[in-house]
Every structure is written in structure tokens, then in C-alpha cells.
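Have a look at the structure below, then the notes.
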There are 2 protein chains.
Amino acid sequence: MYPNWLAQRVKMTPKRKALTFGQHSWTFQQLFDEAMNLAGSLKTVGIDNGNRVAILSPSNPSLIVTIHACWQLGCEVVLLNERLSDGELDYQINDAQPTLLLVDKDYQARVANHPSVTLDELAEKASSKFEIEDEWPIDRTMSIMYTSGTTGNPKGVRQTVRNHTTNATASAFNMGIQSNDVWLCTMPVFHISGLSIFIRSVLYGMEVKLYSKFDLVKVVDDLVDGQVTRMSVVSVMLERILRELEERDAKVSPCLLTMLVGGGPVPSNYLERAISRGIPILQTYGMTETASQTATLAPEDAVRKLGSSGKPLYLSFIRIDQASKPFEEGEICIRGGHVTPGYIGSHTTTASQVKGWLHTGDIGYFDEEGYLFVVDRRSDLIISGGENIYPAEVESAILQHPQIREAGVCGMSDEKWGQVPVAFIVSDEDMTLASLQAFLQAKLAPYKMPKALYQVNAMPRNASNKLLRRELRAWLISKSSK
Amino acid sequence: MYPNWLAQRVKMTPKRKALTFGQHSWTFQQLFDEAMNLAGSLKTVGIDNGNRVAILSPSNPSLIVTIHACWQLGCEVVLLNERLSDGELDYQINDAQPTLLLVDKDYQARVANHPSVTLDELAEKASSKFEIEDEWPIDRTMSIMYTSGTTGNPKGVRQTVRNHTTNATASAFNMGIQSNDVWLCTMPVFHISGLSIFIRSVLYGMEVKLYSKFDLVKVVDDLVDGQVTRMSVVSVMLERILRELEERDAKVSPCLLTMLVGGGPVPSNYLERAISRGIPILQTYGMTETASQTATLAPEDAVRKLGSSGKPLYLSFIRIDQASKPFEEGEICIRGGHVTPGYIGSHTTTASQVKGWLHTGDIGYFDEEGYLFVVDRRSDLIISGGENIYPAEVESAILQHPQIREAGVCGMSDEKWGQVPVAFIVSDEDMTLASLQAFLQAKLAPYKMPKALYQVNAMPRNASNKLLRRELRAWLISKSSK
């Protein structure tokens, strides 16, 4: 059992600030009161303990209140990514089979195939009474987020009370907690990088300053003025922050204690520029299946261990499969209370662990001092602006085109996004990039859309006919160097 | 399962300082290496995973290494209080039936009835190899400390992995963790107030500055010079620190973030004086059975909520038995992962919890804002300089005297120690305090020795013949006011 997160926090520090958004702020008491009121409305529309509620909303205070409302009522939430295509949303909703689908009114047309209730409609319902739980079962699923894999079929990852609290605790043992902490959140709340900030907030009693979108000027103002002490970013955001600081010829305030950089590798010139702007960078490695961070590099090692994702956190074990000594590469496997117990829907029976270990599919090694280096992302994963793109998923969408016989997708370096996806196809007819994009419009989120198209005679395959995406990458590199 | 505390810490931050004692310092790697070496020596003398090792030692680095050595080998430790009388030690060793009794060589004569090995002898043994455990079962007993109760028979309280880690986590969520934290430890390590500091150290990666005894001048030097950021004290130590600061006309350094004051109530004039000396006081309530803190008052509330022990920590629930509203007094009951699962030896079958709640025997209430006030300590508990004295235990020792027919013990206010025990007896012969003390010498620790003796005709008793110790206290007060 574990204490009911928000209810326990309210007992301790009801008057402390929980959330700031624009000109508005909420104390933990106010957040709790709004969540309880909305939970009562959910009860009125027939939702109860143990139900599953899917939510499609921008990252705003209403989403935070809604998530807490579901949790107070004892429901699990499926967090839908607003950037997905209508077809992708349709797939996830069909797979999750939620008791209720809640949507921001601006998004209702996008899920027209499914019965839904808008957040505005819900807010107008009378609030029914219900019994609040003081404690939650440690293995209760709290959140579900979809992530793709080698198969191309997204899987709904369960994140339990144990997963989230283990992660928040290990993160605190690593980064520390200060009484004046304010975490700047520009990460989407439907991603684990965003949601984990709000769980830390409630466990630590910490304020979150939330932006719906990454607002460069305001964010840099906050960093320079000392308004925030912690922030999570992906590489592309870090680079924009650096450029803005350089243009202003400014440094961040010494109040900023940690800037966590996740979602893929960080170019070394970013690190050097960050250090010269006073930014305490913590490179980190984590994923949806580990409820965020699982390894983190400390600022004091940032330069000495350039390119490393650091040491496993205190409540996390990492091993390299079949490696027996330092520098030997292999699959990164993870163990600990933060690792998901499994999936929902069509992947309910897919095992998430082998003998207690999550096999990530990522390739890495430890150096002689035990620092982790991630060499290659799982399943040829493309990371574009912090979003994961699985080639298999894009290929499977392309192959629905009647004239395309074979498809291969890989990542191409991109100055702004780190990587972008590009497509290779085998087709009897000539295809243009524009026509392919038009075909994929309803099937793929814009960030997954191929940004270049190459028509080839045959795909590179190995003896067992498996597509060799690394050959595609090699072709790209040889093309660009010509 | 939970990571092996010290082994996991060494993987993360091997070079960080773990312990300072006088001119000597140990990194986590050095502490681990010494512990592993000693664990190998324990293995050589036949000790193995699952065994119980009792330790009688002053609070010094050798004790810390020995405790970690036992834990690395998978043993539980019984921590014996060096201040106990020989008879009390004899009782506890008989009750605990340890596989091995380890003693500081200066103390060996005090446990002559029992086979023992000195720490020096152990250190000379060759070190055998053994398999280290990466993870520990969450319900493994790590430490056992004896505490008395209403019956007069001390009970060996089990403190598990879950108990200690829950406590350290909840404490971090309450007080925070800074990367430069150094905890000044002058509390005995065989008390939970001392041991808990060393567990936090390993979980957080924090340095402990240890003194074997409370060295006033050095402690105040540390506090003024900014050498330490955290400290735990009892009232009597706080008062001496305050007097020393006042004599020096000094304030503590702003580096000091928290001074935890536990082990009984803190007089209000101490609080006011502490504030004027820059000391951020956190009043706290806890006990051996809760692996230290269970409620803590924040500095910002110190004056406004004078006399309160604060709010329950995040991983702790507290309720007042049979109370239905604020200010209603009743027995304080505690629930959470930090509450002991039970006792060893003759109390193995004594339940520590009723339906998941520890009934403390202490009387208290919550005010309208949820702040806990402890009104009266369990079983007329006397707290003298932070040490618990149970009247029943002292009475039972007195009653072994052939000429004494009845005995009653209660606490008397004392400027230095907070309280001291005094005895009331019914006897046909005239007795002197000196002769009583001589009789009790081998039976009771010096701090438990009655400091005054009153011979009476009859003990105050209720209808069911139960001794009314509060009547004894009333007699004392009426005597002193005359």
C-alpha cells in the first residue's frame, strides 16, 4: 500500500503552491478541491473505482485536474498524445477500450468514431459524493501511455503506483530536493517526461510552472530571472535555449539546479555551450517502460564522461546482456520497482520482463567506471525532437499504399530536430514525396511523416530477408557526402 | 526487494565522502571495502547469511563498519546500549540468543557470562570469500533494538529494510536533500536516532560527521563554521548548545538547514532562543518502533504551533484512537511502512500492530489544522536526556529488594535532563537513597537510577489496584511547591 498521493500531500502542506500556469496559481488544497469536485462529476456520469478513463487534451491545468480527479476516484488514465493522427488515436482507443473517453472540446472531431464527453460538459455535471481512499494498492495501474515497438503495433504501457513512486524516490536520491524547488514543465503531460514532473510535485510538495507549449522567450526569461530551479528538456529545446541565451548574451540564474536532458543523445557542442551559460546539465536515459529516468549523468561528470547517460539511479539496476566486461556492447536490460509490469489491450499477454529484467532493445555498454553509454536505440528507433518514431510503424503505414511493394524507413540527421524520418520505397510507378505525404496524412502524426522519399529497385535485406535499416542509413550518408 | 544499501551506493558515488571521525575520513568505496573485508572475517568465524549478530560498542567508525559488514553478509544486528547495566545486557543477550556476540575489548568484562569475540580479534581473522547480494528482501530484519514497555520486560524491536527505507524516504520528502549535506551525529548509533542517520547517508549519498560523545565545544564550532548542514539532538543537548552560543555571542552558520529535536517535549524558551541563534528547529516525534521520525514540525510553524510535533510525514498515517474531532485526546496510533512488524525472543508472539496500526500508548490530539500534539508519554514514560525510562522496569528492579513491599516510580522535572526518575516505596524498615542505589547498581543503567527516594505508607491505587503514577507526580509537585 502507498498513501493516496494528492490527499496525503494536502494533509501535510495544503497552502504550498502546487501549480502555476500563466497568471494563475493553485495551492495543493485548491488542486485537491478541484480534483475532488471533478471526481464527483465523473461519479455522476457513472464512472467508478477500477474504471479506465482515456483523456485527449493539451497539456494544461485542466488536464492536471482531470488526471488527479480520475486517481481520487480510483480510475486509471490512458493519456492520448494530441500530436497523433486520427487513425493512430482510433487504434489506441480501440485497443484500450476505456470506460469513458474525455476530450478537450477542440479535439472532439478527431475522435468522432468514438463516444466521448468533453471536459467542459463534464465540468457542468453535478458532483456526487464518494468515499476517498487513504491508501492505494502498490501495484495499481495509474497511467497508460502508448509506445511503439519492433512490430509496428503500439503497446499500451502500464505505469503503477510502485513504478511512479520508485522513480520519484530514486530521482530525489540522485538530484536532491530543496524546499524552494519549482519545476518548469514544457514537456507534454501525456509523455512520461511530463507526467513524472507532476508526480514528483505531489510527493515532494513542489511547485510546477507549466506551459502548454515550449514558449522560448518566456522559458528563457524564467531561467535567467531565477523563477525556476529544475527543468526537463530534449536536445532540440536545449539548443533553442542556448541560442536565445547567446543572442541575449545572458547566463541562467544560479537558482537553476538541474536541467535534465533526455530523449536521445546530446551533441557535445551543446554541452560545452550549456556549461558556459551556467546550465547544470544532467544527461539522462529513460523510457515510458521505466516511468522516466533510469540512469543520469551528474553535472560534475558532464565533460569528463561526454556522451554517457551516467550511472543507474539508486533504485535501478542496469546490465548489458551477455557482456562480461567493460566496453562490451550488448542489449541494455533494466530491473527495478520502476519497470512496468506489462501492457494492456492486444498486448496484455506480451511479457514486459524476462526473469525480472526489461529488455529495452537499445544497445549500450558500461565503461570501466560503470558509466552507461547508449550506442544505438532499439529497433532503429528515430528520435525527432524528443518524440520516438519507430520505423516499422511508419513502414507499415506506407505499405497500405496499393502501388508500393516494399518500404524502409530510417532517420536522417537534422540540425533542428536531431533526426527526421525518411522513406525508401520499391514501386512500379513513380511516386512523389507530396503524394506519399497526402496518403499518410490521416495515418501518421506530422512528426512521423517522411521528410524525404527515395525510390529504389530493391531493399537491402539479409539472408533471412530481414530489412537492414542500417544499410539505408549508410546510403543516406554516402548520398549526403557526395 | 530493495537494492543492497551500501553496495548500490558504491556503484553510484564511490568517491563521495561517507564518514568523518576526528581527522579521519572514509569515502563510500573505502567504507564498503572495509565492511567487505570484515564480512569476510565474520564468514571465517562461521557466521553466514541469516545469522544474528549482537554488537556492544561505543559509537565509533568501527561500529559503523561492523554493522555494514553484518549487512553485507546478510545478517541482522542487535545493537546493545553501552549505557545499560551488566544485568540488563545479560537479559537482552539471553533474549536475543545471537549466533555471535561482538564486543569492544573494553566492554568484554561486562558480558563475561556470554561467549564473545572482540572487534580486535575479529579484525585479525583472515577474510573468506562470499557471494554478495545485489538485492535484499524488503521484509528482512536489519536491526534489533531493545525498548521497554508497560510490562517492564524490554522487547527486541525488529527494524526491516522496509521500515528503514520508508523512514529515510519520508524524511527526504519532508526535509529535502542537498548535494552538499553533512549530518552531524552525536546520537548513539545503538539508538534509532543515530542509526537512522547512517541509513540516510547510504541512501542519499550523504556524509556523516560522527562524534562518539557529545563534545559541546567541537559541535558548536562545527555549527558556527558551517561544517554541517543537518543535526539531530535531544532537548538537553539543544540547551547546552544554546548556552554555549549565548556565551560566545554567536549564531550558527546559515549552512545549517535543519536541527531535528526529538526524544520528548522541547521547552518553549529553548525554541525562542534557538530562533534568535539562527537554528532551524524541526520538532519531531518518533520511536524505535517507527524507525525514527513519524511526525515533524516545520521551522516556519515552530512558533505558531509551539509544542506541536507537527504533521505526519508523507509515508506515515497517524490517528487518535476513538477521537472523532480536533482537540479530542486519545491514544496515538501509527500506520505505515516504517512501523515494525514485531519483536524477537520472548516477545516474538507479541503483536506490534492492531489491524495495521501501532498503538503507541502515548496520548495526544490533533488541532483543527491537523497538527499533532503529544500530551502524555506512553506508560508514564520518563524521558531523561533523550533516553527512555519505563517506570515499570525500574519498579521491578526495586521490588527485588527483600525489604521493599511496594514501589512506584515517576519522573521529576530536572533543569539539565528534562526529567529524572524518583522512587516511592512501602517498606517496614527505613531505607536510604544510597542503600537503594547500591542495591540497584548491577541491575539498572545509571540514567535509570532513582535520584530521590520517598518512603510512604501506601501506594496510590485505583479500584482494580492499579498503581496511579500520576498521583505520585501530583505528590511531587505539591511537595516542591511547599
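Note on naming: chains are A, B, ... as they come in the C-alpha cells, residues start from 1 per chain, ligands start from 1 in the order shown.
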* Up to 6 Å from chain B, what residues of chain A turn up? Count only C-alpha atoms and give them as number ranges by chain. => A: 12, 173, 176-178, 204, 311
Based on the selection just made, write C-alpha atoms of those residues as an mmCIF file, in the first residue's frame.
```
data_model
loop_
_atom_site.group_PDB
_atom_site.id
_atom_site.type_symbol
_atom_site.label_atom_id
_atom_site.label_comp_id
_atom_site.auth_asym_id
_atom_site.auth_seq_id
_atom_site.Cartn_x
_atom_site.Cartn_y
_atom_site.Cartn_z
ATOM 1 C CA MET A 12 0.928 17.998 5.027
ATOM 2 C CA PHE A 173 18.116 10.465 -4.038
ATOM 3 C CA GLY A 176 18.063 16.183 -4.174
ATOM 4 C CA ILE A 177 15.015 18.168 -3.123
ATOM 5 C CA GLN A 178 15.029 21.791 -1.966
ATOM 6 C CA TYR A 204 7.881 16.282 -2.705
ATOM 7 C CA LYS A 311 25.081 5.793 -13.587
#
```
Tell me, counting only C-alpha atoms, for each residue of region 165-217 of chain A within 10 Å of region 76-100 of chain A, which pair of atoms is nearest and how far apart they are in Å to one decimal, in rows ordered by chain and increasing number, as CSV.
```
residue,atom,partner,partner_atom,distance
A:Pro188,CA,A:Asn81,CA,8.3
A:Val189,CA,A:Leu79,CA,8.1
A:Phe190,CA,A:Leu79,CA,5.0
A:His191,CA,A:Asn81,CA,7.6
A:Ile192,CA,A:Leu79,CA,9.7
A:Leu195,CA,A:Leu79,CA,9.5
```
* **Distance in Å - CA of Tyr285 (chain B) versus CA of Ala302 (chain B)** =>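 CA of Ala302 (chain B) lies at a distance of 13.9 Å from CA of Tyr285 (chain B).
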* Residue neighbourhood Leu216 (chain B), 9 Å, only C-alpha atoms, exclusion window fewer than 2 positions, as JSON, numbers by chain -> {"B": [214, 218, 219, 220, 221, 237, 240, 241, 244]}
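For the pair CA of Leu271 (chain B) and CA of Ser201 (chain B), the separation is 27.2 Å.
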Write down as a PDB file with N, CA and C atoms, in the first residue's frame the residues belonging to region 167-351 of chain B that are assigned helix (DSSP H, G or I) by DSSP computed on the backbone.
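This went into part22.pdb:
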```pdb
ATOM      1  N   ASN B 167      11.260   5.164   6.170  1.00  0.00           N
ATOM      2  CA  ASN B 167      11.549   6.311   7.013  1.00  0.00           C
ATOM      3  C   ASN B 167      12.495   7.299   6.335  1.00  0.00           C
ATOM      4  N   ALA B 168      13.558   6.782   5.731  1.00  0.00           N
ATOM      5  CA  ALA B 168      14.534   7.670   5.079  1.00  0.00           C
ATOM      6  C   ALA B 168      13.895   8.408   3.906  1.00  0.00           C
ATOM      7  N   THR B 169      12.992   7.732   3.189  1.00  0.00           N
ATOM      8  CA  THR B 169      12.323   8.363   2.045  1.00  0.00           C
ATOM      9  C   THR B 169      11.375   9.457   2.522  1.00  0.00           C
ATOM     10  N   ALA B 170      10.573   9.139   3.526  1.00  0.00           N
ATOM     11  CA  ALA B 170       9.616  10.125   4.045  1.00  0.00           C
ATOM     12  C   ALA B 170      10.351  11.322   4.622  1.00  0.00           C
ATOM     13  N   SER B 171      11.479  11.071   5.255  1.00  0.00           N
ATOM     14  CA  SER B 171      12.272  12.160   5.822  1.00  0.00           C
ATOM     15  C   SER B 171      12.812  13.050   4.706  1.00  0.00           C
ATOM     16  N   ALA B 172      13.240  12.445   3.600  1.00  0.00           N
ATOM     17  CA  ALA B 172      13.736  13.225   2.456  1.00  0.00           C
ATOM     18  C   ALA B 172      12.625  14.077   1.856  1.00  0.00           C
ATOM     19  N   PHE B 173      11.423  13.503   1.732  1.00  0.00           N
ATOM     20  CA  PHE B 173      10.295  14.258   1.176  1.00  0.00           C
ATOM     21  C   PHE B 173       9.956  15.440   2.096  1.00  0.00           C
ATOM     22  N   ASN B 174      10.247  15.303   3.366  1.00  0.00           N
ATOM     23  CA  ASN B 174       9.932  16.359   4.320  1.00  0.00           C
ATOM     24  C   ASN B 174      11.032  17.416   4.411  1.00  0.00           C
ATOM     25  N   MET B 175      12.279  16.976   4.554  1.00  0.00           N
ATOM     26  CA  MET B 175      13.376  17.904   4.827  1.00  0.00           C
ATOM     27  C   MET B 175      14.151  18.290   3.600  1.00  0.00           C
ATOM     28  N   ILE B 192      17.822   4.430  17.547  1.00  0.00           N
ATOM     29  CA  ILE B 192      17.326   4.654  16.198  1.00  0.00           C
ATOM     30  C   ILE B 192      17.657   6.069  15.714  1.00  0.00           C
ATOM     31  N   SER B 193      17.732   7.027  16.628  1.00  0.00           N
ATOM     32  CA  SER B 193      18.084   8.399  16.230  1.00  0.00           C
ATOM     33  C   SER B 193      19.474   8.448  15.599  1.00  0.00           C
ATOM     34  N   GLY B 194      20.386   7.609  16.053  1.00  0.00           N
ATOM     35  CA  GLY B 194      21.722   7.568  15.471  1.00  0.00           C
ATOM     36  C   GLY B 194      21.781   6.683  14.236  1.00  0.00           C
ATOM     37  N   LEU B 195      21.263   5.473  14.364  1.00  0.00           N
ATOM     38  CA  LEU B 195      21.354   4.527  13.240  1.00  0.00           C
ATOM     39  C   LEU B 195      20.673   5.081  11.987  1.00  0.00           C
ATOM     40  N   SER B 196      19.531   5.757  12.178  1.00  0.00           N
ATOM     41  CA  SER B 196      18.782   6.256  11.016  1.00  0.00           C
ATOM     42  C   SER B 196      19.609   7.262  10.207  1.00  0.00           C
ATOM     43  N   ILE B 197      20.509   7.982  10.854  1.00  0.00           N
ATOM     44  CA  ILE B 197      21.371   8.931  10.138  1.00  0.00           C
ATOM     45  C   ILE B 197      22.276   8.179   9.160  1.00  0.00           C
ATOM     46  N   PHE B 198      22.770   7.026   9.596  1.00  0.00           N
ATOM     47  CA  PHE B 198      23.691   6.261   8.747  1.00  0.00           C
ATOM     48  C   PHE B 198      22.963   5.575   7.592  1.00  0.00           C
ATOM     49  N   ILE B 199      21.690   5.280   7.783  1.00  0.00           N
ATOM     50  CA  ILE B 199      20.912   4.711   6.680  1.00  0.00           C
ATOM     51  C   ILE B 199      20.604   5.799   5.660  1.00  0.00           C
ATOM     52  N   ARG B 200      20.214   6.976   6.127  1.00  0.00           N
ATOM     53  CA  ARG B 200      20.023   8.108   5.204  1.00  0.00           C
ATOM     54  C   ARG B 200      21.306   8.367   4.437  1.00  0.00           C
ATOM     55  N   SER B 201      22.433   8.323   5.125  1.00  0.00           N
ATOM     56  CA  SER B 201      23.732   8.585   4.497  1.00  0.00           C
ATOM     57  C   SER B 201      23.936   7.715   3.262  1.00  0.00           C
ATOM     58  N   VAL B 202      23.653   6.435   3.413  1.00  0.00           N
ATOM     59  CA  VAL B 202      23.902   5.492   2.324  1.00  0.00           C
ATOM     60  C   VAL B 202      22.859   5.657   1.216  1.00  0.00           C
ATOM     61  N   LEU B 203      21.601   5.892   1.583  1.00  0.00           N
ATOM     62  CA  LEU B 203      20.560   6.059   0.570  1.00  0.00           C
ATOM     63  C   LEU B 203      20.731   7.373  -0.201  1.00  0.00           C
ATOM     64  N   TYR B 204      21.064   8.454   0.518  1.00  0.00           N
ATOM     65  CA  TYR B 204      21.169   9.759  -0.147  1.00  0.00           C
ATOM     66  C   TYR B 204      22.565  10.006  -0.730  1.00  0.00           C
ATOM     67  N   LEU B 216      30.667  19.355  23.301  1.00  0.00           N
ATOM     68  CA  LEU B 216      29.977  20.639  23.134  1.00  0.00           C
ATOM     69  C   LEU B 216      30.793  21.643  22.320  1.00  0.00           C
ATOM     70  N   VAL B 217      32.053  21.804  22.664  1.00  0.00           N
ATOM     71  CA  VAL B 217      32.851  22.857  22.022  1.00  0.00           C
ATOM     72  C   VAL B 217      33.037  22.554  20.525  1.00  0.00           C
ATOM     73  N   LYS B 218      33.363  21.312  20.223  1.00  0.00           N
ATOM     74  CA  LYS B 218      33.567  20.958  18.815  1.00  0.00           C
ATOM     75  C   LYS B 218      32.265  21.043  18.019  1.00  0.00           C
ATOM     76  N   VAL B 219      31.184  20.595  18.652  1.00  0.00           N
ATOM     77  CA  VAL B 219      29.884  20.640  17.976  1.00  0.00           C
ATOM     78  C   VAL B 219      29.506  22.080  17.645  1.00  0.00           C
ATOM     79  N   VAL B 220      29.680  22.957  18.603  1.00  0.00           N
ATOM     80  CA  VAL B 220      29.308  24.357  18.359  1.00  0.00           C
ATOM     81  C   VAL B 220      30.259  24.989  17.343  1.00  0.00           C
ATOM     82  N   ASP B 221      31.543  24.598  17.379  1.00  0.00           N
ATOM     83  CA  ASP B 221      32.464  25.064  16.325  1.00  0.00           C
ATOM     84  C   ASP B 221      31.941  24.664  14.942  1.00  0.00           C
ATOM     85  N   ASP B 222      31.540  23.390  14.814  1.00  0.00           N
ATOM     86  CA  ASP B 222      31.017  22.899  13.524  1.00  0.00           C
ATOM     87  C   ASP B 222      29.798  23.694  13.077  1.00  0.00           C
ATOM     88  N   LEU B 223      28.901  23.961  14.036  1.00  0.00           N
ATOM     89  CA  LEU B 223      27.651  24.651  13.694  1.00  0.00           C
ATOM     90  C   LEU B 223      27.921  26.095  13.278  1.00  0.00           C
ATOM     91  N   VAL B 224      28.884  26.719  13.934  1.00  0.00           N
ATOM     92  CA  VAL B 224      29.186  28.125  13.656  1.00  0.00           C
ATOM     93  C   VAL B 224      29.999  28.254  12.369  1.00  0.00           C
ATOM     94  N   ASP B 225      30.910  27.304  12.161  1.00  0.00           N
ATOM     95  CA  ASP B 225      31.790  27.384  10.982  1.00  0.00           C
ATOM     96  C   ASP B 225      31.124  26.891   9.696  1.00  0.00           C
ATOM     97  N   SER B 235      16.518  17.520  23.718  1.00  0.00           N
ATOM     98  CA  SER B 235      16.392  18.806  24.395  1.00  0.00           C
ATOM     99  C   SER B 235      17.623  19.198  25.199  1.00  0.00           C
ATOM    100  N   VAL B 236      18.150  18.248  25.978  1.00  0.00           N
ATOM    101  CA  VAL B 236      19.244  18.589  26.873  1.00  0.00           C
ATOM    102  C   VAL B 236      20.471  19.030  26.079  1.00  0.00           C
ATOM    103  N   MET B 237      20.692  18.444  24.898  1.00  0.00           N
ATOM    104  CA  MET B 237      21.814  18.854  24.051  1.00  0.00           C
ATOM    105  C   MET B 237      21.540  20.228  23.454  1.00  0.00           C
ATOM    106  N   LEU B 238      20.309  20.427  23.033  1.00  0.00           N
ATOM    107  CA  LEU B 238      19.939  21.727  22.462  1.00  0.00           C
ATOM    108  C   LEU B 238      20.210  22.840  23.468  1.00  0.00           C
ATOM    109  N   GLU B 239      19.845  22.590  24.720  1.00  0.00           N
ATOM    110  CA  GLU B 239      20.007  23.642  25.724  1.00  0.00           C
ATOM    111  C   GLU B 239      21.482  23.963  25.932  1.00  0.00           C
ATOM    112  N   ARG B 240      22.320  22.934  25.927  1.00  0.00           N
ATOM    113  CA  ARG B 240      23.759  23.176  26.111  1.00  0.00           C
ATOM    114  C   ARG B 240      24.338  23.924  24.907  1.00  0.00           C
ATOM    115  N   ILE B 241      23.862  23.571  23.714  1.00  0.00           N
ATOM    116  CA  ILE B 241      24.308  24.283  22.507  1.00  0.00           C
ATOM    117  C   ILE B 241      23.906  25.754  22.586  1.00  0.00           C
ATOM    118  N   LEU B 242      22.674  25.987  23.023  1.00  0.00           N
ATOM    119  CA  LEU B 242      22.185  27.363  23.122  1.00  0.00           C
ATOM    120  C   LEU B 242      23.020  28.170  24.114  1.00  0.00           C
ATOM    121  N   ARG B 243      23.295  27.543  25.270  1.00  0.00           N
ATOM    122  CA  ARG B 243      24.066  28.268  26.281  1.00  0.00           C
ATOM    123  C   ARG B 243      25.462  28.612  25.763  1.00  0.00           C
ATOM    124  N   GLU B 244      26.071  27.647  25.052  1.00  0.00           N
ATOM    125  CA  GLU B 244      27.414  27.875  24.502  1.00  0.00           C
ATOM    126  C   GLU B 244      27.388  28.998  23.446  1.00  0.00           C
ATOM    127  N   LEU B 245      26.362  28.974  22.594  1.00  0.00           N
ATOM    128  CA  LEU B 245      26.235  30.027  21.581  1.00  0.00           C
ATOM    129  C   LEU B 245      26.037  31.382  22.241  1.00  0.00           C
ATOM    130  N   GLU B 246      25.232  31.387  23.295  1.00  0.00           N
ATOM    131  CA  GLU B 246      24.976  32.647  24.003  1.00  0.00           C
ATOM    132  C   GLU B 246      26.240  33.177  24.656  1.00  0.00           C
ATOM    133  N   GLU B 247      27.027  32.253  25.238  1.00  0.00           N
ATOM    134  CA  GLU B 247      28.289  32.682  25.855  1.00  0.00           C
ATOM    135  C   GLU B 247      29.246  33.233  24.814  1.00  0.00           C
ATOM    136  N   ARG B 248      29.260  32.601  23.646  1.00  0.00           N
ATOM    137  CA  ARG B 248      30.143  33.091  22.571  1.00  0.00           C
ATOM    138  C   ARG B 248      29.542  34.290  21.837  1.00  0.00           C
ATOM    139  N   SER B 268       9.452  25.855  25.578  1.00  0.00           N
ATOM    140  CA  SER B 268       9.246  26.939  24.613  1.00  0.00           C
ATOM    141  C   SER B 268      10.389  27.946  24.631  1.00  0.00           C
ATOM    142  N   ASN B 269      11.001  28.148  25.788  1.00  0.00           N
ATOM    143  CA  ASN B 269      12.084  29.145  25.801  1.00  0.00           C
ATOM    144  C   ASN B 269      13.288  28.655  25.002  1.00  0.00           C
ATOM    145  N   TYR B 270      13.478  27.343  24.869  1.00  0.00           N
ATOM    146  CA  TYR B 270      14.551  26.828  24.005  1.00  0.00           C
ATOM    147  C   TYR B 270      14.271  27.233  22.560  1.00  0.00           C
ATOM    148  N   LEU B 271      13.009  27.086  22.162  1.00  0.00           N
ATOM    149  CA  LEU B 271      12.651  27.367  20.774  1.00  0.00           C
ATOM    150  C   LEU B 271      12.940  28.821  20.435  1.00  0.00           C
ATOM    151  N   GLU B 272      12.522  29.707  21.329  1.00  0.00           N
ATOM    152  CA  GLU B 272      12.728  31.137  21.068  1.00  0.00           C
ATOM    153  C   GLU B 272      14.217  31.467  21.000  1.00  0.00           C
ATOM    154  N   ARG B 273      14.972  30.873  21.924  1.00  0.00           N
ATOM    155  CA  ARG B 273      16.417  31.128  21.925  1.00  0.00           C
ATOM    156  C   ARG B 273      17.064  30.532  20.672  1.00  0.00           C
ATOM    157  N   ALA B 274      16.581  29.369  20.246  1.00  0.00           N
ATOM    158  CA  ALA B 274      17.139  28.727  19.040  1.00  0.00           C
ATOM    159  C   ALA B 274      16.910  29.609  17.822  1.00  0.00           C
ATOM    160  N   ILE B 275      15.702  30.159  17.724  1.00  0.00           N
ATOM    161  CA  ILE B 275      15.384  31.006  16.570  1.00  0.00           C
ATOM    162  C   ILE B 275      16.305  32.221  16.544  1.00  0.00           C
ATOM    163  N   SER B 276      16.545  32.801  17.711  1.00  0.00           N
ATOM    164  CA  SER B 276      17.387  34.000  17.730  1.00  0.00           C
ATOM    165  C   SER B 276      18.850  33.666  17.448  1.00  0.00           C
ATOM    166  N   THR B 288      11.509   3.915  18.492  1.00  0.00           N
ATOM    167  CA  THR B 288      12.191   2.729  17.974  1.00  0.00           C
ATOM    168  C   THR B 288      11.268   1.944  17.042  1.00  0.00           C
ATOM    169  N   GLU B 289       9.995   1.854  17.399  1.00  0.00           N
ATOM    170  CA  GLU B 289       9.034   1.061  16.631  1.00  0.00           C
ATOM    171  C   GLU B 289       8.674   1.696  15.293  1.00  0.00           C
ATOM    172  N   THR B 290       9.030   2.976  15.063  1.00  0.00           N
ATOM    173  CA  THR B 290       8.727   3.617  13.778  1.00  0.00           C
ATOM    174  C   THR B 290      10.020   3.959  13.033  1.00  0.00           C
ATOM    175  N   PRO B 299      10.063  24.379  10.449  1.00  0.00           N
ATOM    176  CA  PRO B 299      10.558  25.592  11.108  1.00  0.00           C
ATOM    177  C   PRO B 299       9.580  26.758  10.993  1.00  0.00           C
ATOM    178  N   GLU B 300       8.926  26.897   9.836  1.00  0.00           N
ATOM    179  CA  GLU B 300       8.035  28.051   9.657  1.00  0.00           C
ATOM    180  C   GLU B 300       6.837  27.999  10.604  1.00  0.00           C
ATOM    181  N   ASP B 301       6.565  26.809  11.175  1.00  0.00           N
ATOM    182  CA  ASP B 301       5.454  26.677  12.111  1.00  0.00           C
ATOM    183  C   ASP B 301       5.910  26.620  13.568  1.00  0.00           C
ATOM    184  N   GLY B 345      12.662 -12.920  20.342  1.00  0.00           N
ATOM    185  CA  GLY B 345      12.848 -13.546  21.654  1.00  0.00           C
ATOM    186  C   GLY B 345      11.539 -13.832  22.363  1.00  0.00           C
ATOM    187  N   SER B 346      11.477 -13.494  23.647  1.00  0.00           N
ATOM    188  CA  SER B 346      10.300 -13.829  24.440  1.00  0.00           C
ATOM    189  C   SER B 346       9.057 -13.052  23.981  1.00  0.00           C
ATOM    190  N   HIS B 347       9.261 -12.020  23.177  1.00  0.00           N
ATOM    191  CA  HIS B 347       8.111 -11.238  22.690  1.00  0.00           C
ATOM    192  C   HIS B 347       7.784 -11.533  21.229  1.00  0.00           C
TER     193      HIS B 347
END
```
